[in-house]
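Single-structure report; data block below.
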Amino acid sequence: MSVRGWIIWLAAFAGIFFAGRYIHQHPEQFATASQVTAPQTAATPSNPIVDAMRAFEIKQFSITKTGRGKNTMAVGTFTFENRGGRPVTDVRLRCDHAGESGTIIATSSPTISEVFEAHSVRTVRNLNMGVVRSPIEKSDCEVVGISLVSPSAAR
């Protein structure tokens, strides 16, 4: 087969491959009349915990060390924003602490059992992050869980 034949063959193969990929990613554009159904009238029910997690975030944080030697503790100051319509509590964090090389040398998982009111910004100071045995150069923290305050307890 000549070079021109190989180029035509490769171009045809690439065209079929990319067309198949596009059809796979956008099936709604290629539905037949028998596959089209009436739009759903009922909205998909939302999960209150998932909605609350999306609306709750760490706005800023800092972690400092206190003490010396084996008694060195990491202490955090966190500012949280609850953009959701419900108060939350039991905020579970996960913080990875990295050394100078960027290697994670410690992980903290504190839980804050205070109430964060709906549509509020609040700062929590002096949060115990645990014992630190190596120098921390950088920390990365995220909210990994929350609990909703029950409507009867919120009153």
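Chains: A, B, ... in order of the structure tokens. Residues: from 1 per chain. Ligands: from 1, in order shown.
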Using only C-alpha atoms, which residues sit within 8 Å of stretch 99-106 of chain A once same-chain residues fewer than 6 positions away are excluded, as a PDB file with C-alpha atoms, in the first residue's frame?
```pdb
ATOM      1  CA  VAL A 132       3.202  17.793  65.294  1.00  0.00           C
ATOM      2  CA  SER A 134       8.014  17.489  62.091  1.00  0.00           C
ATOM      3  CA  PRO A 135       8.078  21.032  60.713  1.00  0.00           C
ATOM      4  CA  ILE A 136       4.943  21.830  58.701  1.00  0.00           C
ATOM      5  CA  GLU A 137       5.471  24.037  55.666  1.00  0.00           C
ATOM      6  CA  LYS A 138       1.977  23.855  54.143  1.00  0.00           C
TER       7      LYS A 138
END
```
Leaving out stretch 62-76 of chain A and any residue of its chain fewer than 3 positions from it, which residues lie within 12 Å of it when counting only C-alpha atoms, given as a VMD selection string? chain A and resid 58 to 59 79 93 95 to 97 106 to 110 112 123 to 141
Just write the chosen residues, N, CA and C atoms, as a compact mmCIF listing (two decimals), in the first residue's frame.
```txt
# COMPACT_ATOMS: atom_id res chain seq x y z
N ILE A 58 -14.87 26.42 53.78
CA ILE A 58 -13.81 27.12 54.51
C ILE A 58 -13.45 28.34 53.67
N LYS A 59 -13.61 29.53 54.25
CA LYS A 59 -13.24 30.76 53.54
C LYS A 59 -11.74 31.02 53.65
N THR A 79 -12.17 30.22 59.24
CA THR A 79 -13.36 31.01 58.99
C THR A 79 -14.23 30.22 58.03
N LEU A 93 -13.44 17.95 59.48
CA LEU A 93 -12.40 18.44 58.58
C LEU A 93 -11.37 17.35 58.33
N CYS A 95 -7.31 17.66 57.24
CA CYS A 95 -6.19 18.54 56.92
C CYS A 95 -4.95 17.69 56.69
N ASP A 96 -4.35 17.85 55.53
CA ASP A 96 -3.08 17.20 55.22
C ASP A 96 -1.98 18.23 55.42
N HIS A 97 -0.95 17.86 56.17
CA HIS A 97 0.16 18.76 56.48
C HIS A 97 1.40 18.25 55.76
N ALA A 106 1.69 14.50 58.01
CA ALA A 106 0.68 14.31 59.04
C ALA A 106 -0.69 14.63 58.48
N THR A 107 -1.71 14.04 59.09
CA THR A 107 -3.09 14.32 58.73
C THR A 107 -3.88 14.54 60.01
N SER A 108 -4.70 15.58 60.01
CA SER A 108 -5.57 15.88 61.16
C SER A 108 -7.01 15.74 60.72
N SER A 109 -7.85 15.24 61.61
CA SER A 109 -9.28 15.10 61.31
C SER A 109 -10.12 15.60 62.48
N PRO A 110 -10.09 16.90 62.76
CA PRO A 110 -10.88 17.41 63.87
C PRO A 110 -12.36 17.53 63.51
N ILE A 112 -15.75 19.85 64.67
CA ILE A 112 -16.19 21.04 65.39
C ILE A 112 -17.67 20.84 65.72
N THR A 123 -15.89 32.47 62.60
CA THR A 123 -14.50 32.09 62.78
C THR A 123 -14.36 31.25 64.04
N VAL A 124 -13.63 30.15 63.92
CA VAL A 124 -13.32 29.27 65.04
C VAL A 124 -11.82 29.38 65.28
N ARG A 125 -11.45 29.73 66.51
CA ARG A 125 -10.04 29.91 66.85
C ARG A 125 -9.57 28.81 67.80
N ASN A 126 -8.27 28.60 67.82
CA ASN A 126 -7.62 27.65 68.74
C ASN A 126 -8.15 26.23 68.60
N LEU A 127 -8.38 25.79 67.36
CA LEU A 127 -8.82 24.42 67.12
C LEU A 127 -7.61 23.50 67.19
N ASN A 128 -7.66 22.54 68.11
CA ASN A 128 -6.56 21.60 68.31
C ASN A 128 -6.46 20.67 67.10
N MET A 129 -5.32 20.72 66.41
CA MET A 129 -5.10 19.89 65.22
C MET A 129 -4.23 18.68 65.54
N GLY A 130 -3.78 18.56 66.78
CA GLY A 130 -3.00 17.40 67.17
C GLY A 130 -1.52 17.69 67.31
N VAL A 131 -0.77 16.66 67.72
CA VAL A 131 0.67 16.76 67.93
C VAL A 131 1.39 16.81 66.59
N VAL A 132 2.41 17.65 66.52
CA VAL A 132 3.20 17.79 65.29
C VAL A 132 4.64 17.41 65.62
N ARG A 133 5.17 16.42 64.94
CA ARG A 133 6.52 15.94 65.23
C ARG A 133 7.55 16.46 64.24
N SER A 134 7.11 16.96 63.11
CA SER A 134 8.01 17.49 62.09
C SER A 134 7.56 18.89 61.71
N PRO A 135 8.47 19.68 61.14
CA PRO A 135 8.08 21.03 60.71
C PRO A 135 7.04 20.97 59.58
N ILE A 136 5.98 21.74 59.73
CA ILE A 136 4.94 21.83 58.70
C ILE A 136 5.21 23.08 57.87
N GLU A 137 5.27 22.91 56.56
CA GLU A 137 5.47 24.04 55.67
C GLU A 137 4.16 24.48 55.03
N LYS A 138 3.23 23.54 54.81
CA LYS A 138 1.98 23.85 54.14
C LYS A 138 0.90 22.88 54.60
N SER A 139 -0.31 23.41 54.73
CA SER A 139 -1.45 22.56 55.10
C SER A 139 -2.57 22.79 54.10
N ASP A 140 -3.31 21.73 53.82
CA ASP A 140 -4.47 21.80 52.94
C ASP A 140 -5.63 21.17 53.67
N CYS A 141 -6.71 21.95 53.87
CA CYS A 141 -7.85 21.47 54.65
C CYS A 141 -9.13 21.51 53.82
```
Residue nearest A:Val143 - candidates A:Ile16, A:Val115, A:Ala55, A:Val121, atoms counted: only C-alpha atoms: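 Looking only at the distances to A:Val143, the closest residue turns out to be A:Ala55.
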List the neighbours of stretch 82-85 of chain A out to 12 Å using only C-alpha atoms; skip same-chain residues closer than 5 positions along the sequence, and give me the result as a JSON list (two decimals) with N, CA and C atoms, in the first residue's frame.
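part-v1.json was written with the following content:
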```json
[["chain", "number", "residue", "atom", "x", "y", "z"],
["A", 48, "PRO", "N", -30.65, 16.68, 51.38],
["A", 48, "PRO", "CA", -30.37, 17.84, 52.22],
["A", 48, "PRO", "C", -28.91, 17.91, 52.69],
["A", 49, "ILE", "N", -28.30, 16.76, 52.98],
["A", 49, "ILE", "CA", -26.90, 16.76, 53.43],
["A", 49, "ILE", "C", -25.98, 17.21, 52.30],
["A", 50, "VAL", "N", -26.21, 16.69, 51.10],
["A", 50, "VAL", "CA", -25.38, 17.08, 49.94],
["A", 50, "VAL", "C", -25.55, 18.57, 49.67],
["A", 51, "ASP", "N", -26.79, 19.05, 49.71],
["A", 51, "ASP", "CA", -27.03, 20.48, 49.50],
["A", 51, "ASP", "C", -26.32, 21.32, 50.56],
["A", 52, "ALA", "N", -26.37, 20.88, 51.81],
["A", 52, "ALA", "CA", -25.72, 21.62, 52.90],
["A", 52, "ALA", "C", -24.20, 21.60, 52.74],
["A", 53, "MET", "N", -23.64, 20.46, 52.30],
["A", 53, "MET", "CA", -22.18, 20.37, 52.08],
["A", 53, "MET", "C", -21.75, 21.34, 50.98],
["A", 54, "ARG", "N", -22.54, 21.45, 49.94],
["A", 54, "ARG", "CA", -22.20, 22.36, 48.84],
["A", 54, "ARG", "C", -22.24, 23.81, 49.29],
["A", 55, "ALA", "N", -23.10, 24.11, 50.26],
["A", 55, "ALA", "CA", -23.28, 25.49, 50.71],
["A", 55, "ALA", "C", -22.36, 25.86, 51.86],
["A", 56, "PHE", "N", -21.59, 24.92, 52.37],
["A", 56, "PHE", "CA", -20.72, 25.17, 53.53],
["A", 56, "PHE", "C", -19.27, 25.08, 53.08],
["A", 57, "GLU", "N", -18.47, 26.10, 53.39],
["A", 57, "GLU", "CA", -17.08, 26.06, 52.94],
["A", 57, "GLU", "C", -16.14, 26.78, 53.90],
["A", 58, "ILE", "N", -14.87, 26.42, 53.78],
["A", 58, "ILE", "CA", -13.81, 27.12, 54.51],
["A", 58, "ILE", "C", -13.45, 28.34, 53.67],
["A", 59, "LYS", "N", -13.61, 29.53, 54.25],
["A", 59, "LYS", "CA", -13.24, 30.76, 53.54],
["A", 59, "LYS", "C", -11.74, 31.02, 53.65],
["A", 91, "VAL", "N", -19.04, 19.67, 62.17],
["A", 91, "VAL", "CA", -18.28, 19.87, 60.94],
["A", 91, "VAL", "C", -16.99, 19.06, 61.05],
["A", 115, "VAL", "N", -22.65, 24.96, 66.50],
["A", 115, "VAL", "CA", -23.68, 25.22, 65.49],
["A", 115, "VAL", "C", -23.27, 26.41, 64.63],
["A", 116, "PHE", "N", -23.40, 26.22, 63.32],
["A", 116, "PHE", "CA", -23.14, 27.28, 62.35],
["A", 116, "PHE", "C", -24.49, 27.64, 61.75],
["A", 117, "GLU", "N", -24.97, 28.82, 62.09],
["A", 117, "GLU", "CA", -26.31, 29.25, 61.66],
["A", 117, "GLU", "C", -26.37, 29.38, 60.14],
["A", 118, "ALA", "N", -27.59, 29.29, 59.60],
["A", 118, "ALA", "CA", -27.80, 29.46, 58.17],
["A", 118, "ALA", "C", -27.41, 30.88, 57.75],
["A", 119, "HIS", "N", -26.89, 31.01, 56.56],
["A", 119, "HIS", "CA", -26.52, 32.31, 55.96],
["A", 119, "HIS", "C", -25.61, 33.10, 56.90],
["A", 120, "SER", "N", -24.53, 32.47, 57.36],
["A", 120, "SER", "CA", -23.63, 33.15, 58.30],
["A", 120, "SER", "C", -22.17, 32.87, 57.97],
["A", 121, "VAL", "N", -21.32, 33.73, 58.51],
["A", 121, "VAL", "CA", -19.86, 33.55, 58.44],
["A", 121, "VAL", "C", -19.38, 33.53, 59.88],
["A", 122, "ARG", "N", -18.53, 32.57, 60.21],
["A", 122, "ARG", "CA", -18.09, 32.42, 61.59],
["A", 122, "ARG", "C", -16.65, 31.96, 61.63],
["A", 123, "THR", "N", -15.89, 32.47, 62.60],
["A", 123, "THR", "CA", -14.50, 32.09, 62.78],
["A", 123, "THR", "C", -14.36, 31.25, 64.04],
["A", 143, "VAL", "N", -13.62, 20.39, 54.15],
["A", 143, "VAL", "CA", -14.75, 19.89, 54.92],
["A", 143, "VAL", "C", -15.13, 18.55, 54.31],
["A", 146, "ILE", "N", -20.68, 16.99, 57.54],
["A", 146, "ILE", "CA", -21.44, 17.87, 58.42],
["A", 146, "ILE", "C", -22.71, 17.15, 58.84],
["A", 148, "LEU", "N", -26.86, 18.11, 59.90],
["A", 148, "LEU", "CA", -27.87, 19.16, 59.93],
["A", 148, "LEU", "C", -28.42, 19.26, 61.34],
["A", 149, "VAL", "N", -28.67, 20.48, 61.77],
["A", 149, "VAL", "CA", -29.33, 20.70, 63.05],
["A", 149, "VAL", "C", -30.80, 20.41, 62.83],
["A", 151, "PRO", "N", -34.74, 20.59, 62.98],
["A", 151, "PRO", "CA", -35.60, 21.79, 63.14],
["A", 151, "PRO", "C", -36.06, 21.99, 64.58]]
```
List every residue of stretch 23-137 of chain A that DSSP, applied to the backbone of this structure, assigns to helix (DSSP H, G or I), and report them as a list in words.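 Helix (DSSP H, G or I) members of stretch 23-137 of chain A, listed: Ile23, His24, Gln25, Pro27, Glu28, Gln29, Phe30, Pro48, Ile49, Val50, Asp51, Ala52, Met53, Arg54, Ala55, Gly69, Lys70 and Asn71 of chain A.
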Those in stretch 33-129 of chain A with strand (DSSP E) from DSSP, as an MDAnalysis selection string: chainID A and resid 56:66 73:82 88:98 104:108 111:112 120:129
Grab the residues selected above and save them as a PDB file, in the first residue's frame with C-alpha atoms.
```pdb
ATOM      1  CA  PHE A  56     -20.719  25.167  53.530  1.00  0.00           C
ATOM      2  CA  GLU A  57     -17.077  26.063  52.941  1.00  0.00           C
ATOM      3  CA  ILE A  58     -13.812  27.116  54.507  1.00  0.00           C
ATOM      4  CA  LYS A  59     -13.242  30.760  53.540  1.00  0.00           C
ATOM      5  CA  GLN A  60      -9.740  30.918  55.027  1.00  0.00           C
ATOM      6  CA  PHE A  61      -7.580  29.186  57.579  1.00  0.00           C
ATOM      7  CA  SER A  62      -4.184  29.317  59.228  1.00  0.00           C
ATOM      8  CA  ILE A  63      -2.312  26.763  61.283  1.00  0.00           C
ATOM      9  CA  THR A  64       0.348  27.632  63.828  1.00  0.00           C
ATOM     10  CA  LYS A  65       2.472  25.573  66.187  1.00  0.00           C
ATOM     11  CA  THR A  66       2.635  25.954  69.954  1.00  0.00           C
ATOM     12  CA  MET A  73       0.800  21.104  68.896  1.00  0.00           C
ATOM     13  CA  ALA A  74      -0.759  22.441  65.710  1.00  0.00           C
ATOM     14  CA  VAL A  75      -3.543  24.938  66.357  1.00  0.00           C
ATOM     15  CA  GLY A  76      -5.904  26.195  63.646  1.00  0.00           C
ATOM     16  CA  THR A  77      -7.981  29.285  63.038  1.00  0.00           C
ATOM     17  CA  PHE A  78     -10.758  28.716  60.500  1.00  0.00           C
ATOM     18  CA  THR A  79     -13.365  31.010  58.993  1.00  0.00           C
ATOM     19  CA  PHE A  80     -16.407  29.161  57.645  1.00  0.00           C
ATOM     20  CA  GLU A  81     -19.322  30.341  55.537  1.00  0.00           C
ATOM     21  CA  ASN A  82     -22.700  28.627  55.632  1.00  0.00           C
ATOM     22  CA  VAL A  88     -25.271  22.757  60.581  1.00  0.00           C
ATOM     23  CA  THR A  89     -23.114  21.193  63.282  1.00  0.00           C
ATOM     24  CA  ASP A  90     -20.454  18.494  63.724  1.00  0.00           C
ATOM     25  CA  VAL A  91     -18.278  19.871  60.938  1.00  0.00           C
ATOM     26  CA  ARG A  92     -15.653  17.250  60.119  1.00  0.00           C
ATOM     27  CA  LEU A  93     -12.397  18.436  58.580  1.00  0.00           C
ATOM     28  CA  ARG A  94      -9.491  16.680  56.965  1.00  0.00           C
ATOM     29  CA  CYS A  95      -6.193  18.540  56.918  1.00  0.00           C
ATOM     30  CA  ASP A  96      -3.079  17.200  55.219  1.00  0.00           C
ATOM     31  CA  HIS A  97       0.156  18.762  56.475  1.00  0.00           C
ATOM     32  CA  ALA A  98       3.209  18.739  54.221  1.00  0.00           C
ATOM     33  CA  ILE A 104       2.441  14.779  53.509  1.00  0.00           C
ATOM     34  CA  ILE A 105       3.862  14.162  56.957  1.00  0.00           C
ATOM     35  CA  ALA A 106       0.680  14.308  59.043  1.00  0.00           C
ATOM     36  CA  THR A 107      -3.092  14.325  58.732  1.00  0.00           C
ATOM     37  CA  SER A 108      -5.565  15.878  61.158  1.00  0.00           C
ATOM     38  CA  THR A 111     -14.630  17.725  64.385  1.00  0.00           C
ATOM     39  CA  ILE A 112     -16.193  21.039  65.390  1.00  0.00           C
ATOM     40  CA  SER A 120     -23.635  33.152  58.298  1.00  0.00           C
ATOM     41  CA  VAL A 121     -19.864  33.546  58.442  1.00  0.00           C
ATOM     42  CA  ARG A 122     -18.093  32.423  61.588  1.00  0.00           C
ATOM     43  CA  THR A 123     -14.496  32.090  62.783  1.00  0.00           C
ATOM     44  CA  VAL A 124     -13.323  29.267  65.039  1.00  0.00           C
ATOM     45  CA  ARG A 125     -10.037  29.913  66.853  1.00  0.00           C
ATOM     46  CA  ASN A 126      -7.622  27.653  68.735  1.00  0.00           C
ATOM     47  CA  LEU A 127      -8.824  24.422  67.116  1.00  0.00           C
ATOM     48  CA  ASN A 128      -6.561  21.604  68.311  1.00  0.00           C
ATOM     49  CA  MET A 129      -5.100  19.895  65.225  1.00  0.00           C
TER      50      MET A 129
END
```
